[in-house]
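*Asks:* Below you'll find final01.csv; it's CSV, N, CA and C atoms.
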```csv
chain,number,residue,atom,x,y,z
A,8,MET,N,-20.4,-2.2,0.7
A,8,MET,CA,-19.1,-2.2,1.2
A,8,MET,C,-18.5,-3.6,0.9
A,9,ARG,N,-17.3,-3.5,0.3
A,9,ARG,CA,-16.5,-4.7,0.0
A,9,ARG,C,-15.3,-4.8,0.9
A,10,TYR,N,-14.9,-6.0,1.3
A,10,TYR,CA,-13.7,-6.2,2.0
A,10,TYR,C,-12.7,-6.9,1.1
A,11,ALA,N,-11.5,-6.4,1.1
A,11,ALA,CA,-10.4,-7.0,0.3
A,11,ALA,C,-9.3,-7.5,1.2
A,12,LEU,N,-9.1,-8.8,1.1
A,12,LEU,CA,-8.0,-9.4,1.9
A,12,LEU,C,-6.8,-9.3,1.0
A,13,ILE,N,-5.8,-8.5,1.4
A,13,ILE,CA,-4.6,-8.3,0.6
A,13,ILE,C,-3.4,-8.8,1.3
A,14,PRO,N,-3.0,-10.0,0.9
A,14,PRO,CA,-1.8,-10.6,1.6
A,14,PRO,C,-0.6,-9.7,1.2
A,15,ILE,N,0.3,-9.4,2.2
A,15,ILE,CA,1.4,-8.6,1.9
A,15,ILE,C,2.5,-9.3,1.1
A,16,VAL,N,2.4,-10.6,1.0
A,16,VAL,CA,3.4,-11.4,0.2
A,16,VAL,C,3.1,-11.3,-1.3
A,17,LEU,N,2.0,-10.7,-1.7
A,17,LEU,CA,1.7,-10.6,-3.1
A,17,LEU,C,2.6,-9.5,-3.7
A,18,ALA,N,3.2,-9.7,-4.8
A,18,ALA,CA,3.9,-8.7,-5.5
A,18,ALA,C,3.0,-7.8,-6.4
A,19,GLY,N,1.9,-8.3,-6.7
A,19,GLY,CA,1.0,-7.6,-7.5
A,19,GLY,C,-0.1,-8.5,-8.1
A,20,PHE,N,-1.0,-7.9,-8.8
A,20,PHE,CA,-2.1,-8.6,-9.5
A,20,PHE,C,-1.5,-9.0,-10.8
A,21,ALA,N,-2.1,-10.0,-11.4
A,21,ALA,CA,-1.6,-10.6,-12.6
A,21,ALA,C,-1.2,-9.5,-13.7
A,22,GLY,N,0.0,-9.4,-13.9
A,22,GLY,CA,0.5,-8.4,-14.9
A,22,GLY,C,0.3,-7.0,-14.5
A,23,ALA,N,-0.2,-6.6,-13.4
A,23,ALA,CA,-0.4,-5.2,-13.1
A,23,ALA,C,0.8,-4.5,-12.6
A,24,ALA,N,1.7,-5.2,-12.0
A,24,ALA,CA,2.9,-4.4,-11.4
A,24,ALA,C,4.1,-5.3,-11.4
A,25,ALA,N,5.2,-4.6,-11.2
A,25,ALA,CA,6.5,-5.3,-11.2
A,25,ALA,C,6.7,-5.9,-9.8
A,26,PRO,N,7.6,-6.9,-9.6
A,26,PRO,CA,7.8,-7.4,-8.3
A,26,PRO,C,8.4,-6.4,-7.4
A,27,ALA,N,8.1,-6.6,-6.1
A,27,ALA,CA,8.6,-5.6,-5.1
A,27,ALA,C,10.2,-5.6,-5.1
A,28,ALA,N,10.7,-4.4,-4.8
A,28,ALA,CA,12.1,-4.3,-4.7
A,28,ALA,C,12.7,-5.0,-3.5
A,29,PRO,N,13.9,-5.4,-3.5
A,29,PRO,CA,14.5,-6.0,-2.4
A,29,PRO,C,14.5,-5.1,-1.2
A,30,ARG,N,14.4,-5.6,0.0
A,30,ARG,CA,14.3,-4.8,1.2
A,30,ARG,C,15.5,-4.0,1.5
A,31,ASP,N,16.7,-4.3,1.0
A,31,ASP,CA,17.9,-3.6,1.3
A,31,ASP,C,18.0,-2.3,0.5
A,32,LYS,N,17.1,-2.1,-0.5
A,32,LYS,CA,17.2,-0.9,-1.4
A,32,LYS,C,15.9,-0.1,-1.1
A,33,ASP,N,16.1,1.2,-1.2
A,33,ASP,CA,15.0,2.1,-1.1
A,33,ASP,C,14.2,2.2,-2.4
A,34,PRO,N,13.0,1.7,-2.5
A,34,PRO,CA,12.3,1.7,-3.8
A,34,PRO,C,11.9,3.1,-4.3
A,35,LEU,N,12.0,4.1,-3.4
A,35,LEU,CA,11.7,5.5,-3.9
A,35,LEU,C,13.0,6.3,-4.3
A,36,ALA,N,14.1,5.7,-4.1
A,36,ALA,CA,15.4,6.3,-4.4
A,36,ALA,C,15.4,6.7,-5.9
A,37,GLY,N,15.7,8.0,-6.2
A,37,GLY,CA,15.8,8.5,-7.6
A,37,GLY,C,14.5,8.8,-8.1
A,38,ARG,N,13.4,8.7,-7.4
A,38,ARG,CA,12.1,9.1,-7.9
A,38,ARG,C,11.7,10.5,-7.4
A,39,VAL,N,10.8,11.1,-8.2
A,39,VAL,CA,10.4,12.5,-7.9
A,39,VAL,C,8.9,12.4,-7.3
A,40,PRO,N,8.7,13.0,-6.1
A,40,PRO,CA,7.4,13.0,-5.6
A,40,PRO,C,6.5,14.0,-6.3
A,41,GLY,N,5.2,13.6,-6.4
A,41,GLY,CA,4.2,14.5,-7.0
A,41,GLY,C,3.3,15.0,-5.9
A,42,LYS,N,2.2,15.6,-6.4
A,42,LYS,CA,1.2,16.1,-5.5
A,42,LYS,C,0.3,15.0,-4.9
A,43,ALA,N,0.1,15.0,-3.6
A,43,ALA,CA,-0.7,14.0,-2.9
A,43,ALA,C,-2.1,14.1,-3.3
A,44,VAL,N,-2.8,12.9,-3.4
A,44,VAL,CA,-4.2,12.9,-3.8
A,44,VAL,C,-5.0,12.0,-2.7
A,45,ASP,N,-6.3,12.2,-2.7
A,45,ASP,CA,-7.1,11.4,-1.7
A,45,ASP,C,-7.3,10.0,-2.1
A,46,CYS,N,-7.5,9.7,-3.4
A,46,CYS,CA,-7.8,8.3,-3.9
A,46,CYS,C,-7.0,7.9,-5.0
A,47,VAL,N,-6.9,6.6,-5.2
A,47,VAL,CA,-6.2,5.9,-6.3
A,47,VAL,C,-7.0,4.7,-6.8
A,48,ASP,N,-7.0,4.4,-8.0
A,48,ASP,CA,-7.7,3.3,-8.6
A,48,ASP,C,-7.0,2.0,-8.1
A,49,GLN,N,-7.7,1.2,-7.3
A,49,GLN,CA,-7.0,0.0,-6.7
A,49,GLN,C,-6.8,-1.1,-7.8
A,50,SER,N,-7.5,-1.1,-8.9
A,50,SER,CA,-7.4,-2.1,-9.9
A,50,SER,C,-6.0,-2.0,-10.6
A,51,GLN,N,-5.4,-0.8,-10.5
A,51,GLN,CA,-4.1,-0.6,-11.2
A,51,GLN,C,-2.9,-0.8,-10.3
A,52,LEU,N,-3.2,-1.2,-9.0
A,52,LEU,CA,-2.1,-1.2,-8.0
A,52,LEU,C,-1.7,-2.7,-7.8
A,53,GLY,N,-0.4,-2.8,-7.5
A,53,GLY,CA,0.1,-4.1,-7.0
A,53,GLY,C,-0.1,-4.2,-5.5
A,54,GLY,N,0.2,-5.4,-5.0
A,54,GLY,CA,0.0,-5.6,-3.6
A,54,GLY,C,0.7,-4.6,-2.7
A,55,PRO,N,0.3,-4.4,-1.5
A,55,PRO,CA,1.0,-3.4,-0.7
A,55,PRO,C,2.4,-3.9,-0.2
A,56,ASP,N,3.3,-3.0,0.0
A,56,ASP,CA,4.6,-3.2,0.5
A,56,ASP,C,4.7,-2.4,1.8
A,57,ILE,N,4.7,-3.0,2.9
A,57,ILE,CA,4.8,-2.3,4.2
A,57,ILE,C,6.2,-1.9,4.5
A,58,VAL,N,6.4,-0.6,4.7
A,58,VAL,CA,7.7,0.0,5.0
A,58,VAL,C,7.9,0.0,6.6
A,59,ASP,N,6.9,0.6,7.3
A,59,ASP,CA,6.9,0.6,8.7
A,59,ASP,C,5.5,0.8,9.2
A,60,ASN,N,5.3,1.1,10.5
A,60,ASN,CA,3.9,1.2,11.0
A,60,ASN,C,3.2,2.4,10.6
A,61,ARG,N,3.8,3.3,9.7
A,61,ARG,CA,3.1,4.5,9.2
A,61,ARG,C,3.1,4.6,7.7
A,62,THR,N,3.8,3.7,7.0
A,62,THR,CA,4.0,3.9,5.6
A,62,THR,C,3.8,2.6,4.8
A,63,ILE,N,3.0,2.7,3.7
A,63,ILE,CA,2.7,1.6,2.9
A,63,ILE,C,2.9,2.1,1.4
A,64,LEU,N,3.6,1.2,0.6
A,64,LEU,CA,3.8,1.5,-0.8
A,64,LEU,C,3.0,0.6,-1.7
A,65,TYR,N,2.5,1.2,-2.7
A,65,TYR,CA,1.7,0.5,-3.7
A,65,TYR,C,2.4,0.7,-5.1
A,66,ARG,N,2.8,-0.3,-5.8
A,66,ARG,CA,3.4,-0.1,-7.1
A,66,ARG,C,2.4,-0.2,-8.2
A,67,GLN,N,2.3,0.9,-9.0
A,67,GLN,CA,1.4,1.0,-10.1
A,67,GLN,C,2.0,0.5,-11.3
A,68,SER,N,3.2,0.8,-11.6
A,68,SER,CA,3.9,0.4,-12.8
A,68,SER,C,5.4,0.5,-12.5
A,69,LEU,N,6.2,0.3,-13.5
A,69,LEU,CA,7.7,0.4,-13.3
A,69,LEU,C,8.0,1.9,-13.1
A,70,LYS,N,7.2,2.8,-13.6
A,70,LYS,CA,7.4,4.2,-13.5
A,70,LYS,C,6.8,4.9,-12.3
A,71,ARG,N,5.8,4.3,-11.7
A,71,ARG,CA,5.1,5.0,-10.6
A,71,ARG,C,4.9,4.1,-9.4
A,72,ILE,N,5.2,4.6,-8.2
A,72,ILE,CA,4.9,4.0,-6.9
A,72,ILE,C,4.1,5.0,-6.1
A,73,TRP,N,3.1,4.6,-5.5
A,73,TRP,CA,2.3,5.4,-4.6
A,73,TRP,C,2.7,5.2,-3.1
A,74,ARG,N,3.0,6.2,-2.4
A,74,ARG,CA,3.3,6.1,-1.0
A,74,ARG,C,2.1,6.6,-0.2
A,75,ASN,N,1.7,5.8,0.8
A,75,ASN,CA,0.6,6.2,1.6
A,75,ASN,C,1.2,6.4,3.0
A,76,ASP,N,1.0,7.6,3.5
A,76,ASP,CA,1.5,8.0,4.8
A,76,ASP,C,0.3,8.0,5.8
A,77,LEU,N,0.2,7.1,6.7
A,77,LEU,CA,-0.9,7.1,7.6
A,77,LEU,C,-0.9,8.3,8.6
A,78,GLU,N,-2.0,8.7,9.0
A,78,GLU,CA,-2.1,9.9,9.9
A,78,GLU,C,-1.5,9.5,11.3
A,79,ALA,N,-1.6,8.3,11.7
A,79,ALA,CA,-1.1,7.8,13.0
A,79,ALA,C,-0.5,6.4,12.8
A,80,ALA,N,0.4,6.1,13.7
A,80,ALA,CA,1.0,4.7,13.6
A,80,ALA,C,-0.1,3.7,13.8
A,81,CYS,N,0.1,2.6,13.1
A,81,CYS,CA,-0.9,1.5,13.1
A,81,CYS,C,-0.3,0.3,13.9
A,82,PRO,N,-0.8,-0.1,15.0
A,82,PRO,CA,-0.3,-1.2,15.8
A,82,PRO,C,-0.4,-2.5,14.9
A,83,GLY,N,0.7,-3.2,14.9
A,83,GLY,CA,0.7,-4.5,14.1
A,83,GLY,C,1.0,-4.3,12.6
A,84,LEU,N,1.2,-3.1,12.1
A,84,LEU,CA,1.6,-2.9,10.7
A,84,LEU,C,3.1,-3.1,10.6
A,85,ARG,N,3.5,-4.2,10.0
A,85,ARG,CA,4.9,-4.5,9.8
A,85,ARG,C,5.0,-5.4,8.6
A,86,PRO,N,6.2,-5.6,8.0
A,86,PRO,CA,6.3,-6.5,6.9
A,86,PRO,C,5.8,-7.9,7.3
A,87,MET,N,5.3,-8.6,6.3
A,87,MET,CA,4.8,-9.9,6.4
A,87,MET,C,3.4,-10.0,7.1
A,88,THR,N,2.7,-8.9,7.3
A,88,THR,CA,1.4,-9.0,7.9
A,88,THR,C,0.4,-8.9,6.7
A,89,THR,N,-0.8,-9.3,6.9
A,89,THR,CA,-1.8,-9.3,5.9
A,89,THR,C,-2.7,-8.0,6.2
A,90,LEU,N,-3.1,-7.3,5.1
A,90,LEU,CA,-4.0,-6.2,5.3
A,90,LEU,C,-5.4,-6.6,4.9
A,91,ILE,N,-6.4,-6.3,5.7
A,91,ILE,CA,-7.8,-6.5,5.4
A,91,ILE,C,-8.3,-5.1,5.3
A,92,VAL,N,-8.6,-4.7,4.0
A,92,VAL,CA,-9.0,-3.3,3.7
A,92,VAL,C,-10.4,-3.3,3.3
A,93,GLU,N,-11.1,-2.3,3.9
A,93,GLU,CA,-12.5,-2.0,3.6
A,93,GLU,C,-12.5,-1.1,2.4
A,94,ILE,N,-12.9,-1.6,1.2
A,94,ILE,CA,-12.9,-0.8,0.0
A,94,ILE,C,-14.4,-0.4,-0.4
A,95,TYR,N,-14.6,0.8,-0.6
A,95,TYR,CA,-15.9,1.3,-1.0
A,95,TYR,C,-15.8,1.7,-2.5
A,96,GLY,N,-16.3,1.0,-3.4
A,96,GLY,CA,-16.2,1.2,-4.8
A,96,GLY,C,-14.9,0.6,-5.3
A,97,SER,N,-14.3,1.3,-6.3
A,97,SER,CA,-13.1,0.7,-7.0
A,97,SER,C,-11.8,1.4,-6.6
A,98,ARG,N,-11.9,2.4,-5.6
A,98,ARG,CA,-10.7,3.2,-5.3
A,98,ARG,C,-10.3,3.0,-3.9
A,99,LEU,N,-9.0,3.1,-3.6
A,99,LEU,CA,-8.5,3.2,-2.2
A,99,LEU,C,-8.4,4.7,-1.9
A,100,CYS,N,-9.0,5.1,-0.8
A,100,CYS,CA,-9.0,6.5,-0.5
A,100,CYS,C,-8.5,6.8,1.0
A,101,SER,N,-8.0,8.0,1.2
A,101,SER,CA,-7.6,8.4,2.5
A,101,SER,C,-8.8,8.2,3.4
A,102,ASN,N,-8.6,7.8,4.6
A,102,ASN,CA,-9.6,7.5,5.6
A,102,ASN,C,-10.3,6.1,5.4
A,103,ASP,N,-10.0,5.4,4.4
A,103,ASP,CA,-10.5,4.0,4.3
A,103,ASP,C,-9.9,3.2,5.4
A,104,ARG,N,-10.7,2.4,6.0
A,104,ARG,CA,-10.2,1.6,7.2
A,104,ARG,C,-9.6,0.3,6.7
A,105,PHE,N,-8.6,-0.2,7.5
A,105,PHE,CA,-8.1,-1.5,7.3
A,105,PHE,C,-7.6,-2.1,8.7
A,106,ARG,N,-7.4,-3.4,8.7
A,106,ARG,CA,-6.9,-4.1,9.8
A,106,ARG,C,-5.7,-4.9,9.4
A,107,THR,N,-4.9,-5.3,10.3
A,107,THR,CA,-3.8,-6.1,10.0
A,107,THR,C,-4.0,-7.5,10.6
A,108,ARG,N,-3.4,-8.5,10.0
A,108,ARG,CA,-3.5,-9.9,10.6
A,108,ARG,C,-2.2,-10.6,10.4
A,109,ASP,N,-1.6,-11.1,11.5
A,109,ASP,CA,-0.3,-11.8,11.4
A,109,ASP,C,-0.5,-13.1,10.7
A,110,VAL,N,0.5,-13.6,10.1
A,110,VAL,CA,0.5,-14.9,9.4
A,110,VAL,C,0.2,-15.9,10.4
A,111,GLY,N,-0.8,-16.8,10.2
A,111,GLY,CA,-1.1,-17.9,11.1
A,111,GLY,C,-2.2,-17.5,12.1
A,112,SER,N,-2.5,-16.2,12.2
A,112,SER,CA,-3.4,-15.8,13.2
A,112,SER,C,-4.8,-15.6,12.6
A,113,ILE,N,-5.9,-15.8,13.3
A,113,ILE,CA,-7.2,-15.6,12.8
A,113,ILE,C,-7.8,-14.4,13.4
A,114,ILE,N,-7.2,-13.7,14.4
A,114,ILE,CA,-7.7,-12.5,15.0
A,114,ILE,C,-7.0,-11.3,14.4
A,115,PRO,N,-7.8,-10.4,13.8
A,115,PRO,CA,-7.2,-9.2,13.2
A,115,PRO,C,-6.9,-8.2,14.3
A,116,GLY,N,-6.0,-7.3,14.0
A,116,GLY,CA,-5.7,-6.2,14.9
A,116,GLY,C,-6.7,-5.1,14.9
A,117,PRO,N,-6.4,-3.9,15.5
A,117,PRO,CA,-7.4,-2.8,15.6
A,117,PRO,C,-7.5,-2.2,14.2
A,118,TYR,N,-8.5,-1.4,14.0
A,118,TYR,CA,-8.7,-0.6,12.8
A,118,TYR,C,-7.7,0.5,12.7
A,119,CYS,N,-7.2,0.7,11.5
A,119,CYS,CA,-6.3,1.8,11.2
A,119,CYS,C,-6.9,2.5,9.9
A,120,ARG,N,-6.4,3.7,9.6
A,120,ARG,CA,-7.0,4.4,8.4
A,120,ARG,C,-5.8,4.8,7.5
A,121,LEU,N,-6.1,4.7,6.2
A,121,LEU,CA,-5.2,5.1,5.2
A,121,LEU,C,-5.0,6.6,5.2
A,122,GLY,N,-3.9,7.1,4.8
A,122,GLY,CA,-3.6,8.5,4.6
A,122,GLY,C,-3.7,9.0,3.2
A,123,MET,N,-3.1,10.1,2.9
A,123,MET,CA,-3.0,10.6,1.5
A,123,MET,C,-2.0,9.7,0.7
A,124,PHE,N,-2.3,9.7,-0.6
A,124,PHE,CA,-1.4,8.9,-1.6
A,124,PHE,C,-0.5,9.9,-2.3
A,125,THR,N,0.8,9.7,-2.2
A,125,THR,CA,1.7,10.6,-3.0
A,125,THR,C,2.4,9.8,-4.1
A,126,PRO,N,2.3,10.2,-5.3
A,126,PRO,CA,2.9,9.5,-6.4
A,126,PRO,C,4.4,9.8,-6.4
A,127,TYR,N,5.2,8.8,-6.7
A,127,TYR,CA,6.7,8.9,-6.9
A,127,TYR,C,7.0,8.3,-8.2
A,128,ASP,N,7.4,9.2,-9.1
A,128,ASP,CA,7.7,8.8,-10.5
A,128,ASP,C,9.2,8.9,-10.8
A,129,LEU,N,9.6,8.0,-11.8
A,129,LEU,CA,11.0,8.1,-12.3
A,129,LEU,C,11.1,9.4,-13.1
A,130,PRO,N,12.2,10.1,-13.0
A,130,PRO,CA,12.4,11.4,-13.7
A,130,PRO,C,12.3,11.1,-15.2
A,131,LYS,N,11.8,12.1,-15.9
A,131,LYS,CA,11.7,12.0,-17.4
A,131,LYS,C,13.1,12.3,-17.9
A,132,LYS,N,13.4,11.6,-19.0
A,132,LYS,CA,14.8,11.8,-19.6
A,132,LYS,C,14.7,12.7,-20.7
```
Translate this file's structure into structure tokens.
*Replies:*
Amino acid sequence: MRYALIPIVLAGFAGAAAPAAPRDKDPLAGRVPGKAVDCVDQSQLGGPDIVDNRTILYRQSLKRIWRNDLEAACPGLRPMTTLIVEIYGSRLCSNDRFRTRDVGSIIPGPYCRLGMFTPYDLPKK
């Protein structure tokens, strides 16, 4: 089992993703949702962007954003928190556990679980 400390302030891994969209714009606007999947390759994802206590976005490229809808609300999940994700292998999967940690705090919050990953792609021209 590996633990990944993923600060929410990261826009992505070196060259892996575009910077996060400004908060006043809906990053999924104009995108077409695809079929939800259980797992995604975490090496191709940018850092998480927390929308609310049930929704996390991961930017894969300029064309694709993955939306993760948690099964239940996660206490402490809000913008500017850090995610501590338990990753098994190289993929993020539904039911993988994570905890949140507020900036400046050393005590993580309760365990929460990831949900299904839905791809949102730009429409083909």
*Asks:* So that I can see what lies close to stretch 72-85 of chain A, please list as a list in words the residues with an atom at most 6 Å from it, counting only N, CA and C atoms and leaving out residues fewer than 6 positions away in the same chain.
*Replies:*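 The residues satisfying every condition are Ile57, Asp59, Asn60, Arg61, Thr62, Ile63, Leu64, Tyr65, Arg66, Thr107, Cys119, Arg120, Leu121, Gly122, Met123, Phe124, Thr125, Pro126, Tyr127 and Asp128 of chain A.
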*Asks:* Suppose we keep N, CA and C atoms; can you now write the selection as a PDB file, keeping the file's coordinate frame?
*Replies:*
```pdb
ATOM      1  N   ILE A  57       4.700  -3.000   2.900  1.00  0.00           N
ATOM      2  CA  ILE A  57       4.800  -2.300   4.200  1.00  0.00           C
ATOM      3  C   ILE A  57       6.200  -1.900   4.500  1.00  0.00           C
ATOM      4  N   ASP A  59       6.900   0.600   7.300  1.00  0.00           N
ATOM      5  CA  ASP A  59       6.900   0.600   8.700  1.00  0.00           C
ATOM      6  C   ASP A  59       5.500   0.800   9.200  1.00  0.00           C
ATOM      7  N   ASN A  60       5.300   1.100  10.500  1.00  0.00           N
ATOM      8  CA  ASN A  60       3.900   1.200  11.000  1.00  0.00           C
ATOM      9  C   ASN A  60       3.200   2.400  10.600  1.00  0.00           C
ATOM     10  N   ARG A  61       3.800   3.300   9.700  1.00  0.00           N
ATOM     11  CA  ARG A  61       3.100   4.500   9.200  1.00  0.00           C
ATOM     12  C   ARG A  61       3.100   4.600   7.700  1.00  0.00           C
ATOM     13  N   THR A  62       3.800   3.700   7.000  1.00  0.00           N
ATOM     14  CA  THR A  62       4.000   3.900   5.600  1.00  0.00           C
ATOM     15  C   THR A  62       3.800   2.600   4.800  1.00  0.00           C
ATOM     16  N   ILE A  63       3.000   2.700   3.700  1.00  0.00           N
ATOM     17  CA  ILE A  63       2.700   1.600   2.900  1.00  0.00           C
ATOM     18  C   ILE A  63       2.900   2.100   1.400  1.00  0.00           C
ATOM     19  N   LEU A  64       3.600   1.200   0.600  1.00  0.00           N
ATOM     20  CA  LEU A  64       3.800   1.500  -0.800  1.00  0.00           C
ATOM     21  C   LEU A  64       3.000   0.600  -1.700  1.00  0.00           C
ATOM     22  N   TYR A  65       2.500   1.200  -2.700  1.00  0.00           N
ATOM     23  CA  TYR A  65       1.700   0.500  -3.700  1.00  0.00           C
ATOM     24  C   TYR A  65       2.400   0.700  -5.100  1.00  0.00           C
ATOM     25  N   ARG A  66       2.800  -0.300  -5.800  1.00  0.00           N
ATOM     26  CA  ARG A  66       3.400  -0.100  -7.100  1.00  0.00           C
ATOM     27  C   ARG A  66       2.400  -0.200  -8.200  1.00  0.00           C
ATOM     28  N   THR A 107      -4.900  -5.300  10.300  1.00  0.00           N
ATOM     29  CA  THR A 107      -3.800  -6.100  10.000  1.00  0.00           C
ATOM     30  C   THR A 107      -4.000  -7.500  10.600  1.00  0.00           C
ATOM     31  N   CYS A 119      -7.200   0.700  11.500  1.00  0.00           N
ATOM     32  CA  CYS A 119      -6.300   1.800  11.200  1.00  0.00           C
ATOM     33  C   CYS A 119      -6.900   2.500   9.900  1.00  0.00           C
ATOM     34  N   ARG A 120      -6.400   3.700   9.600  1.00  0.00           N
ATOM     35  CA  ARG A 120      -7.000   4.400   8.400  1.00  0.00           C
ATOM     36  C   ARG A 120      -5.800   4.800   7.500  1.00  0.00           C
ATOM     37  N   LEU A 121      -6.100   4.700   6.200  1.00  0.00           N
ATOM     38  CA  LEU A 121      -5.200   5.100   5.200  1.00  0.00           C
ATOM     39  C   LEU A 121      -5.000   6.600   5.200  1.00  0.00           C
ATOM     40  N   GLY A 122      -3.900   7.100   4.800  1.00  0.00           N
ATOM     41  CA  GLY A 122      -3.600   8.500   4.600  1.00  0.00           C
ATOM     42  C   GLY A 122      -3.700   9.000   3.200  1.00  0.00           C
ATOM     43  N   MET A 123      -3.100  10.100   2.900  1.00  0.00           N
ATOM     44  CA  MET A 123      -3.000  10.600   1.500  1.00  0.00           C
ATOM     45  C   MET A 123      -2.000   9.700   0.700  1.00  0.00           C
ATOM     46  N   PHE A 124      -2.300   9.700  -0.600  1.00  0.00           N
ATOM     47  CA  PHE A 124      -1.400   8.900  -1.600  1.00  0.00           C
ATOM     48  C   PHE A 124      -0.500   9.900  -2.300  1.00  0.00           C
ATOM     49  N   THR A 125       0.800   9.700  -2.200  1.00  0.00           N
ATOM     50  CA  THR A 125       1.700  10.600  -3.000  1.00  0.00           C
ATOM     51  C   THR A 125       2.400   9.800  -4.100  1.00  0.00           C
ATOM     52  N   PRO A 126       2.300  10.200  -5.300  1.00  0.00           N
ATOM     53  CA  PRO A 126       2.900   9.500  -6.400  1.00  0.00           C
ATOM     54  C   PRO A 126       4.400   9.800  -6.400  1.00  0.00           C
ATOM     55  N   TYR A 127       5.200   8.800  -6.700  1.00  0.00           N
ATOM     56  CA  TYR A 127       6.700   8.900  -6.900  1.00  0.00           C
ATOM     57  C   TYR A 127       7.000   8.300  -8.200  1.00  0.00           C
ATOM     58  N   ASP A 128       7.400   9.200  -9.100  1.00  0.00           N
ATOM     59  CA  ASP A 128       7.700   8.800 -10.500  1.00  0.00           C
ATOM     60  C   ASP A 128       9.200   8.900 -10.800  1.00  0.00           C
TER      61      ASP A 128
END
```
*Asks:* Work out how far atom N of A:Ser112 is from atom CA of A:Gln49, in Å to one decimal.
*Replies:* 25.3 Å
*Asks:* I need the strand (DSSP E or B) residues of stretch 85-131 of chain A per DSSP on the backbone, written as a ChimeraX atom specification.
*Replies:* /A:88-94,98-100,104-109,119-120,123-128
*Asks:* Point out the residue among A:Lys70, A:Lys132, A:Arg98, A:Arg38 with the least atom-to-atom distance to A:Ser50, counting only C-alpha atoms.
*Replies:*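 Looking only at the distances to A:Ser50, the closest residue turns out to be A:Arg98.
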*Asks:* Rounded to one decimal place, report the atom CA of A:Ser97-atom CA of A:Pro117 distance in Å.
*Replies:*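 It comes out at 23.6 Å.
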*Asks:* Would you mind reading off the distance between atom N of A:Gln51 and atom CA of A:Val110, one decimal, in Å?
*Replies:*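 Pair atom N of A:Gln51 / atom CA of A:Val110 returns 25.1 Å.
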*Asks:* Would you mind telling me which residue in A:Pro34, A:Leu129, A:Cys46, A:Pro40 lies nearest to A:Gly96 when using only C-alpha atoms?
*Replies:*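 Smallest separation from A:Gly96 among the options: A:Cys46.
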*Asks:* Measuring between all atoms listed in the file, which one of A:Tyr118, A:Asp33, A:Lys42, A:Asp109 shows the shortest distance to A:Thr89?
*Replies:*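 Using all atoms listed in the file, the shortest distance to A:Thr89 belongs to A:Asp109.
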